[in-house]
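Asks: Got a structure for you, written out below as structure tokens; questions coming shortly.
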Amino acid sequence: MPLTNRRLFTNEFNQLLLSEPDSPPIVVIPVRAFALSEPERLIALVDTQGHERAFIADLADLAADDAALIRHTLTERELVPEILRIDKVLSFSTPSQWRVTTNRGASELTLKSEDDIRRFHDGLLITDTHGLPYRIPTLSTLDRHSRRLLARFL
Amino acid sequence: MPHPISPPVLAEISLDLTTELAFCRHRLVLTAQHLRLESSESSPTVLAEWPLAAGDTLIFSDHAGVGTLALVDAHQRKAHWRFTMKHRAQAEKLIERFAARATPSPAATPAPVAPVEHWLDDSPDTASTLTLLRLWRFARPYRNRLLLGFFLTLAATAATLVPPYLTMPLMDDVLIPFQNGQDIDPWIVGKYLGGLLAAALVAWGLGWARTYVLARVSERIGVDIRTTTYNHLLGLSLDYFGSKRTGDLMARIGAETDRINLFLSLHLLDFATDVLMIVMTAIILFSINPWLALVTLIPLPIIAWMIHLVRDRLRTGFERADRVWAQVTNILSDTIPGIRVVKAFSQEAREAERFTAANRQSLHINDRVNRVWSLFGPTVTALTEFGLLIVWAFGIWQVSQGSITVGVLTAFLAYISRFYSRMDSMSRIVAVTQKTAAGTKRIFDILDHEAGVPDPLQPESPANRPAALRLEQVDFRHGNRHILNNITLSIPQGAMIGLVGHSGSGKTTLVNLIARFYDVSAGKILFDGTDIRQFRVADYRQQIGLVLQEPFLFFGTIAENIAYGKPEATREEIIRAARAAHAHEFILRLPQGYDSLVGERGQALSGGERQRISIARALLIDPKILILDEATASVDTETEQEIQQALDYLVQGRTTIAIAHRLSTLRQADLLVVLDQGQIVETGEHHELLARQGHYYRLYQAQIKLNEAGSQAPAPEEPTHAAD
Ligand SMILES: Nc1ncnc2c1ncn2[C@@H]1O[C@H](COP(=O)(O)OP(=O)(O)O)[C@@H](O)[C@H]1O
Ligand SMILES: [Mg+2]
């Protein structure tokens, strides 16, 4: 289900709409099929019921403003802060509270168990108790202090 | 009964039971004219004899491990004999020969008699220390490094023996002359002290090198043992896994290999060092003063004898302790996966009690072992002290006699205290060796187990051949139980077969045979006319997609789970398979889509969702044969319909064998096969079977009643569309 000659636009509620050939446009939400491993490709547009309405193999194939709209909606919907530095870890046994500096500002997260730290490629994905994912794109970009703290949990 | 010339023996069977089911050692011999019961000595006495008539037949039956052969004619049972089922093969041969006796074809008569099985059972196998020698198989690749390690050990030990030697001249040439009024020569002192320092440094360096080299080697050996055992384990048949408990296997591969590793890197190394030290010390002592050396070494054989004495008791004790330990872990691996059941029936207290009981048992056994063990160490220490006492006494006497110098005595005492202090740690090797031998045995138990479904020597390839299956007179026995009986069935390429029958009728077993999880006991299964045993198991299984009632997801991402059978699949392929399995949309709803973690510790998915993932997994490998074993049994009707759509798509163009409880889900089947007690009782198409009013009809009626009770009554007149 590629977009072909359907168009994307936003309405007054800042919702993303997909035009249909012979019915009124529908509200769609872009969803990354491979949220971690392939963020720029394989994006599904699902309606509010969760049914897939369109599938985009690659954002690069879209018209520039369509792609921009989707990117915009995605960034508005998704929060995956990148951890730049781990400032303090309150305890080394889980559940453990971490004070971190992210690209979205300082934050505090609670790690429920070591299992919530997930490796992918050379980075990590840390999910806090409430399900918010934090990302560390590459371990080597962290400073020594953060790495040493992190090593206690890996 | 006198027997001048015995006629040729056609077959014989060891009868280890009397007709009253007492154990005995008899043998039943078949000749052309007789069945003869005789004792099983080398010159047997004949106990009874039955002449054979034309209408006689032999009938074999078995129940709970006891086999019975009965000689019957048209009117009566003339005789019968009992035996345990370990002689079943002989019984079958006997029956075969018995049937052939009337028509003595030239081949039948002179056929060699199978040798009667040995009466002795396998000798009881306690883990002998010799088991450890089998570890050589794993050590071989590292033999050069081991040799290096050995020489380093030798050198390091020698270096540690230098200091006591130097105390001798220090005492005799420096200290004693000083006491007698001479000056201390700083040069000589410097020389000896320098020697002491150098020896210490060399010993330190060599000690470090040998520990490093040998620890590295043993770590590698440990890894090799672990991976080899695991790889071998994966190759074993489902039977093996069925007969072993998960916790036990996990303990073997995890803890036992670690124990072996520790033994090699630490205890064996220490022990070797100790032995070297004792030998070298003994040599040095004898070279200094043979008499004193002899006295010094007297306690040694006593200790060795003690070690030997305690050895046996400890060994059995440690083996028991090990088994109890496996029980403890087994309880864990039972209850933790089954925690929902435990909680649902609120049996936490009971499980806690079970665990406590196992631990109590472990405690009890360990207490008993430790009673012996605890006595052992202090006794060795005490003997050490006695040894020192003897040396002091004898040494002082010798010094007073002027036959040795004070320096010699000091050197002896220095050596001996080192030496005896090692005896203490050496005694520990007994226990550790026993434990490791027990562990090694448990590892080799796995390694010695042959793969259940062996690969042929010259395999054929099943690829690019039509997936037509044919079962010819397939029998399957499990132990002594007949599970499948004389199954003959043809499944043309692309056809769909529905297997129905009561639970326990052998449906799963039949598909397990087709998937070659087990091999048939008799008969054969043909794939495009070739016995499936002619293919390599892995090649053949690649043709098969399996969807089970309880879908199993591994810990990993959804994408990895879908691509389990084809790891190189592209993301697009994965999505396509998931779409076809109606899994795509619910996957998109998960926080990281296809990158979400599932399986134990992962995202919780419902039964229907897991099932659709497992269907996608089967779809992705694009199998020629599809096996659905109650794929929709554990989900609700609505989900079932979704899964059914996915399955309908999956079935297209593939040879399919579907097992389903809800008969309505088999409406697409070309042929329905009804199994009952391991036999095919009916085959045919839905309407045909209904018209026959047999097994299928009754199963079907029962289900309609159930459905009516469940309010969604389908019209009984047109039952085919019940699920539409
Ligand atoms: N590993 C096993 N050991 C002993 N008996 C077994 C084993 N597996 C299955 N059986 C027996 O084989 C019979 C058929 O089982 P199964 O094929 O699972 O039945 P179905 O799938 O039709 O419900 C049952 O009586 C069952 O007890
Ligand atoms: Mg079954």
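By order of appearance in the structure tokens: chains A, B, ..., then residues from 1 within every chain, and ligands from 1 in the order shown.
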Which polymer residues have any atom within 7 Å of an atom of region 19-35 of chain A, counting only C-alpha atoms, with same-chain residues fewer than 3 positions away left out, as a PyMOL selection string?
Replies: (chain A and resi 6-8+15-16+38-39+42-48+70+74) or (chain B and resi 588+592-595)
Asks: List all protein, DNA and RNA residues that have an atom no more than 6 Å from any atom of ligand 1, counting only C-alpha atoms and all ligand atoms, and report them as a PyMOL selection string.
Replies: chain B and resi 478+483+503-509
Asks: Those selected residues, please, written with C-alpha atoms and delivered as a PDB file, in the first residue's frame.
Replies:
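Wrote it out as result22.pdb, contents follow:
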```pdb
ATOM      1  CA  HIS B 478       7.475 -45.926  23.261  1.00  0.00           C
ATOM      2  CA  ILE B 483       1.400 -45.764  20.433  1.00  0.00           C
ATOM      3  CA  SER B 503      -6.951 -36.642  22.838  1.00  0.00           C
ATOM      4  CA  GLY B 504      -4.290 -39.300  23.301  1.00  0.00           C
ATOM      5  CA  SER B 505      -5.165 -41.105  20.095  1.00  0.00           C
ATOM      6  CA  GLY B 506      -1.682 -40.499  18.692  1.00  0.00           C
ATOM      7  CA  LYS B 507      -2.137 -37.474  16.429  1.00  0.00           C
ATOM      8  CA  THR B 508       0.810 -35.530  17.777  1.00  0.00           C
ATOM      9  CA  THR B 509       2.938 -38.645  17.727  1.00  0.00           C
TER      10      THR B 509
END
```
Asks: Using only C-alpha atoms and all ligand atoms, which of B:Gly529, B:Pro623, B:Gly501, B:Pro454 sits nearest ligand 2?
Replies: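 Smallest separation from ligand 2 among the options: B:Gly501.
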Asks: Given only C-alpha atoms as the basis, pick out the residue of B:Thr557, B:Gln549, B:Gln703, B:Thr296 nearest to chain A.
Replies: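 Counting only C-alpha atoms, the residue closest to chain A is B:Thr557.
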Asks: For chain B against chain A, with a cut-off of 10 Å and counting only C-alpha atoms, what is the closest atom pair and its distance in Å to one decimal for every residue that makes the cut, ordered by chain and number, as a Markdown table?
Replies:
```
| residue | atom | partner | partner_atom | distance |
| --- | --- | --- | --- | --- |
| B:Ile558 | CA | A:Phe34 | CA | 9.9 |
| B:Ala559 | CA | A:Phe34 | CA | 8.6 |
| B:Arg571 | CA | A:Leu42 | CA | 8.4 |
| B:Glu572 | CA | A:Leu42 | CA | 8.0 |
| B:Ile575 | CA | A:Ala33 | CA | 8.5 |
| B:His584 | CA | A:Glu52 | CA | 8.6 |
| B:Glu585 | CA | A:His51 | CA | 6.3 |
| B:Phe586 | CA | A:Gly50 | CA | 7.8 |
| B:Ile587 | CA | A:Ala33 | CA | 7.9 |
| B:Leu588 | CA | A:Ala33 | CA | 6.0 |
| B:Arg589 | CA | A:Gly50 | CA | 7.2 |
| B:Leu590 | CA | A:Ala33 | CA | 9.3 |
| B:Pro591 | CA | A:Ala35 | CA | 8.1 |
| B:Gln592 | CA | A:Ala35 | CA | 4.9 |
| B:Gly593 | CA | A:Ala33 | CA | 4.8 |
| B:Tyr594 | CA | A:Phe34 | CA | 5.1 |
| B:Asp595 | CA | A:Phe34 | CA | 5.3 |
| B:Ser596 | CA | A:Phe34 | CA | 8.4 |
| B:Leu597 | CA | A:Arg118 | CA | 9.2 |
| B:Arg601 | CA | A:Asp115 | CA | 7.5 |
| B:Gly602 | CA | A:Asp115 | CA | 9.0 |
```
Asks: If we count only C-alpha atoms and set the cut-off at 7 Å, which residues sit around Val328 (chain B), ignoring sequence neighbours fewer than 4 positions away in its own chain? Please answer as an NGL selection string.
Replies: :B and (324 or 332 or 355 or 358-359)
Asks: Run DSSP on the backbone and give me the residues of region 241-320 of chain B it puts in alpha helix (DSSP H), as a VMD selection string.
Replies: chain B and resid 241 to 243 246 to 251 257 to 262 268 to 288 290 to 297 299 to 320
Asks: Write out as a PDB file with N, CA, C and O atoms, in the first residue's frame each polymer residue whose atoms come within 12 Å of Leu109 (chain A), counting only C-alpha atoms; drop sequence neighbours fewer than 3 positions from it.
Replies:
```pdb
ATOM      1  N   PRO A  81      14.847  10.208  24.553  1.00  0.00           N
ATOM      2  CA  PRO A  81      15.982  11.089  24.882  1.00  0.00           C
ATOM      3  C   PRO A  81      17.302  10.340  24.738  1.00  0.00           C
ATOM      4  O   PRO A  81      17.372   9.147  25.025  1.00  0.00           O
ATOM      5  N   ILE A  83      20.951   9.864  26.096  1.00  0.00           N
ATOM      6  CA  ILE A  83      21.714  10.147  27.312  1.00  0.00           C
ATOM      7  C   ILE A  83      23.103  10.622  26.927  1.00  0.00           C
ATOM      8  O   ILE A  83      23.821   9.938  26.199  1.00  0.00           O
ATOM      9  N   ILE A  86      25.777  10.295  32.461  1.00  0.00           N
ATOM     10  CA  ILE A  86      25.106   9.809  33.668  1.00  0.00           C
ATOM     11  C   ILE A  86      25.755  10.537  34.823  1.00  0.00           C
ATOM     12  O   ILE A  86      26.946  10.358  35.096  1.00  0.00           O
ATOM     13  N   ASP A  87      24.992  11.389  35.485  1.00  0.00           N
ATOM     14  CA  ASP A  87      25.599  12.226  36.519  1.00  0.00           C
ATOM     15  C   ASP A  87      25.751  11.485  37.831  1.00  0.00           C
ATOM     16  O   ASP A  87      26.765  11.556  38.480  1.00  0.00           O
ATOM     17  N   LYS A  88      24.695  10.740  38.179  1.00  0.00           N
ATOM     18  CA  LYS A  88      24.731  10.109  39.491  1.00  0.00           C
ATOM     19  C   LYS A  88      23.825   8.895  39.471  1.00  0.00           C
ATOM     20  O   LYS A  88      22.756   8.922  38.858  1.00  0.00           O
ATOM     21  N   VAL A  89      24.266   7.874  40.144  1.00  0.00           N
ATOM     22  CA  VAL A  89      23.437   6.691  40.292  1.00  0.00           C
ATOM     23  C   VAL A  89      23.251   6.484  41.776  1.00  0.00           C
ATOM     24  O   VAL A  89      24.227   6.407  42.517  1.00  0.00           O
ATOM     25  N   LEU A  90      21.997   6.447  42.216  1.00  0.00           N
ATOM     26  CA  LEU A  90      21.763   6.458  43.661  1.00  0.00           C
ATOM     27  C   LEU A  90      22.025   5.103  44.311  1.00  0.00           C
ATOM     28  O   LEU A  90      22.431   5.047  45.452  1.00  0.00           O
ATOM     29  N   THR A  94      19.112  -2.723  41.746  1.00  0.00           N
ATOM     30  CA  THR A  94      17.871  -2.241  41.164  1.00  0.00           C
ATOM     31  C   THR A  94      16.726  -2.488  42.144  1.00  0.00           C
ATOM     32  O   THR A  94      16.789  -3.420  42.924  1.00  0.00           O
ATOM     33  N   PRO A  95      15.654  -1.710  42.097  1.00  0.00           N
ATOM     34  CA  PRO A  95      15.463  -0.526  41.259  1.00  0.00           C
ATOM     35  C   PRO A  95      16.418   0.595  41.656  1.00  0.00           C
ATOM     36  O   PRO A  95      16.647   0.813  42.843  1.00  0.00           O
ATOM     37  N   SER A  96      16.912   1.257  40.651  1.00  0.00           N
ATOM     38  CA  SER A  96      17.946   2.232  40.904  1.00  0.00           C
ATOM     39  C   SER A  96      17.598   3.551  40.213  1.00  0.00           C
ATOM     40  O   SER A  96      17.069   3.550  39.105  1.00  0.00           O
ATOM     41  N   GLN A  97      17.862   4.619  40.903  1.00  0.00           N
ATOM     42  CA  GLN A  97      17.554   5.926  40.308  1.00  0.00           C
ATOM     43  C   GLN A  97      18.799   6.547  39.704  1.00  0.00           C
ATOM     44  O   GLN A  97      19.846   6.525  40.328  1.00  0.00           O
ATOM     45  N   TRP A  98      18.641   7.050  38.511  1.00  0.00           N
ATOM     46  CA  TRP A  98      19.769   7.656  37.819  1.00  0.00           C
ATOM     47  C   TRP A  98      19.449   9.110  37.554  1.00  0.00           C
ATOM     48  O   TRP A  98      18.341   9.439  37.156  1.00  0.00           O
ATOM     49  N   ARG A  99      20.458   9.952  37.743  1.00  0.00           N
ATOM     50  CA  ARG A  99      20.329  11.320  37.265  1.00  0.00           C
ATOM     51  C   ARG A  99      21.132  11.426  35.980  1.00  0.00           C
ATOM     52  O   ARG A  99      22.316  11.095  35.976  1.00  0.00           O
ATOM     53  N   VAL A 100      20.468  11.834  34.904  1.00  0.00           N
ATOM     54  CA  VAL A 100      21.162  11.845  33.625  1.00  0.00           C
ATOM     55  C   VAL A 100      20.990  13.187  32.927  1.00  0.00           C
ATOM     56  O   VAL A 100      20.022  13.913  33.180  1.00  0.00           O
ATOM     57  N   THR A 101      21.937  13.502  32.104  1.00  0.00           N
ATOM     58  CA  THR A 101      21.800  14.649  31.218  1.00  0.00           C
ATOM     59  C   THR A 101      21.524  14.101  29.826  1.00  0.00           C
ATOM     60  O   THR A 101      22.249  13.235  29.352  1.00  0.00           O
ATOM     61  N   THR A 102      20.437  14.573  29.216  1.00  0.00           N
ATOM     62  CA  THR A 102      20.105  14.076  27.892  1.00  0.00           C
ATOM     63  C   THR A 102      20.097  15.229  26.903  1.00  0.00           C
ATOM     64  O   THR A 102      20.226  16.396  27.294  1.00  0.00           O
ATOM     65  N   ALA A 106      18.072  17.703  31.531  1.00  0.00           N
ATOM     66  CA  ALA A 106      18.368  16.808  32.641  1.00  0.00           C
ATOM     67  C   ALA A 106      17.128  16.012  33.012  1.00  0.00           C
ATOM     68  O   ALA A 106      16.012  16.508  32.897  1.00  0.00           O
ATOM     69  N   LYS A 112      14.239  -0.406  36.546  1.00  0.00           N
ATOM     70  CA  LYS A 112      13.578  -1.436  37.352  1.00  0.00           C
ATOM     71  C   LYS A 112      14.465  -2.665  37.506  1.00  0.00           C
ATOM     72  O   LYS A 112      14.567  -3.236  38.580  1.00  0.00           O
ATOM     73  N   ASP A 116      16.187  -4.310  31.674  1.00  0.00           N
ATOM     74  CA  ASP A 116      15.631  -3.209  30.892  1.00  0.00           C
ATOM     75  C   ASP A 116      16.711  -2.450  30.129  1.00  0.00           C
ATOM     76  O   ASP A 116      16.416  -1.489  29.437  1.00  0.00           O
ATOM     77  N   ILE A 126      17.713   2.082  27.173  1.00  0.00           N
ATOM     78  CA  ILE A 126      17.383   1.876  28.575  1.00  0.00           C
ATOM     79  C   ILE A 126      15.940   2.299  28.778  1.00  0.00           C
ATOM     80  O   ILE A 126      15.574   3.432  28.487  1.00  0.00           O
ATOM     81  N   THR A 127      15.123   1.377  29.236  1.00  0.00           N
ATOM     82  CA  THR A 127      13.709   1.701  29.438  1.00  0.00           C
ATOM     83  C   THR A 127      13.479   1.904  30.924  1.00  0.00           C
ATOM     84  O   THR A 127      13.850   1.050  31.734  1.00  0.00           O
ATOM     85  N   ASP A 128      12.910   3.030  31.276  1.00  0.00           N
ATOM     86  CA  ASP A 128      12.712   3.254  32.711  1.00  0.00           C
ATOM     87  C   ASP A 128      11.404   2.601  33.155  1.00  0.00           C
ATOM     88  O   ASP A 128      10.666   2.053  32.349  1.00  0.00           O
ATOM     89  N   THR A 129      11.139   2.638  34.472  1.00  0.00           N
ATOM     90  CA  THR A 129       9.971   1.921  35.000  1.00  0.00           C
ATOM     91  C   THR A 129       8.688   2.290  34.284  1.00  0.00           C
ATOM     92  O   THR A 129       7.767   1.494  34.212  1.00  0.00           O
ATOM     93  N   HIS A 130       8.614   3.518  33.805  1.00  0.00           N
ATOM     94  CA  HIS A 130       7.349   3.941  33.212  1.00  0.00           C
ATOM     95  C   HIS A 130       7.312   3.714  31.720  1.00  0.00           C
ATOM     96  O   HIS A 130       6.393   4.162  31.052  1.00  0.00           O
ATOM     97  N   GLY A 131       8.315   3.068  31.191  1.00  0.00           N
ATOM     98  CA  GLY A 131       8.283   2.712  29.777  1.00  0.00           C
ATOM     99  C   GLY A 131       8.918   3.734  28.865  1.00  0.00           C
ATOM    100  O   GLY A 131       8.904   3.562  27.649  1.00  0.00           O
ATOM    101  N   LEU A 132       9.474   4.790  29.420  1.00  0.00           N
ATOM    102  CA  LEU A 132      10.129   5.773  28.559  1.00  0.00           C
ATOM    103  C   LEU A 132      11.513   5.259  28.170  1.00  0.00           C
ATOM    104  O   LEU A 132      12.313   4.926  29.032  1.00  0.00           O
ATOM    105  N   PRO A 133      11.752   5.166  26.860  1.00  0.00           N
ATOM    106  CA  PRO A 133      13.061   4.678  26.445  1.00  0.00           C
ATOM    107  C   PRO A 133      14.100   5.793  26.371  1.00  0.00           C
ATOM    108  O   PRO A 133      13.817   6.876  25.878  1.00  0.00           O
ATOM    109  N   TYR A 134      15.273   5.523  26.891  1.00  0.00           N
ATOM    110  CA  TYR A 134      16.411   6.426  26.757  1.00  0.00           C
ATOM    111  C   TYR A 134      17.425   5.715  25.882  1.00  0.00           C
ATOM    112  O   TYR A 134      17.551   4.498  25.930  1.00  0.00           O
TER     113      TYR A 134
END
```
Asks: With distances taken over only C-alpha atoms and all ligand atoms, which of B:Arg610, B:Ala100, B:Asp676, B:His502 is nearest to ligand 2?
Replies: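 Closest to ligand 2 of all the choices is B:His502.
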Asks: Between CA of Ala522 (chain B) and CA of His80 (chain B), what distance in Å does the model show, to one decimal?
Replies: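 According to the coordinates, CA of Ala522 (chain B) and CA of His80 (chain B) are separated by 25.9 Å.
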Asks: Using only C-alpha atoms, which residues sit within 8 Å of region 59-61 of chain A once same-chain residues fewer than 2 positions away are excluded, as a list in words?
Replies: Glu40, Arg41, Ile43, Ile56, Ala57, Ala63, Ala64 and Ala67 of chain A
Asks: Tell me, as a ChimeraX atom specification, which residues lie within 12 Å of His482 (chain B), counting only C-alpha atoms; anything in the same chain fewer than 5 positions away does not count.
Replies: /B:61-65,474-477,505-506,509,520-522,677-679
Asks: Any idea what's packed within 12 Å of Tyr649 (chain B), counting only C-alpha atoms, ignoring anything in its chain fewer than 4 positions away? Could you give it as a list of chain:residue names?
Replies: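 These residues fall inside the cut-off: B:Ala577, B:Ala578, B:Arg579, B:Ala580, B:Ala581, B:His582, B:Ile615, B:Ala616, B:Ala618, B:Leu619, B:Asp622, B:Leu626, B:Glu642, B:Ile643, B:Gln644, B:Gln645, B:Gly653, B:Arg654, B:Thr656, B:Gln668.
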Asks: Identify all residues of chain A in strand (DSSP E or B) (DSSP on the backbone) and supply them as a PyMOL selection string.
Replies: chain A and resi 8-10+16-20+23-32+34+41-47+52-58+82-89+96-102+105-111+117-120+123-127+133-136
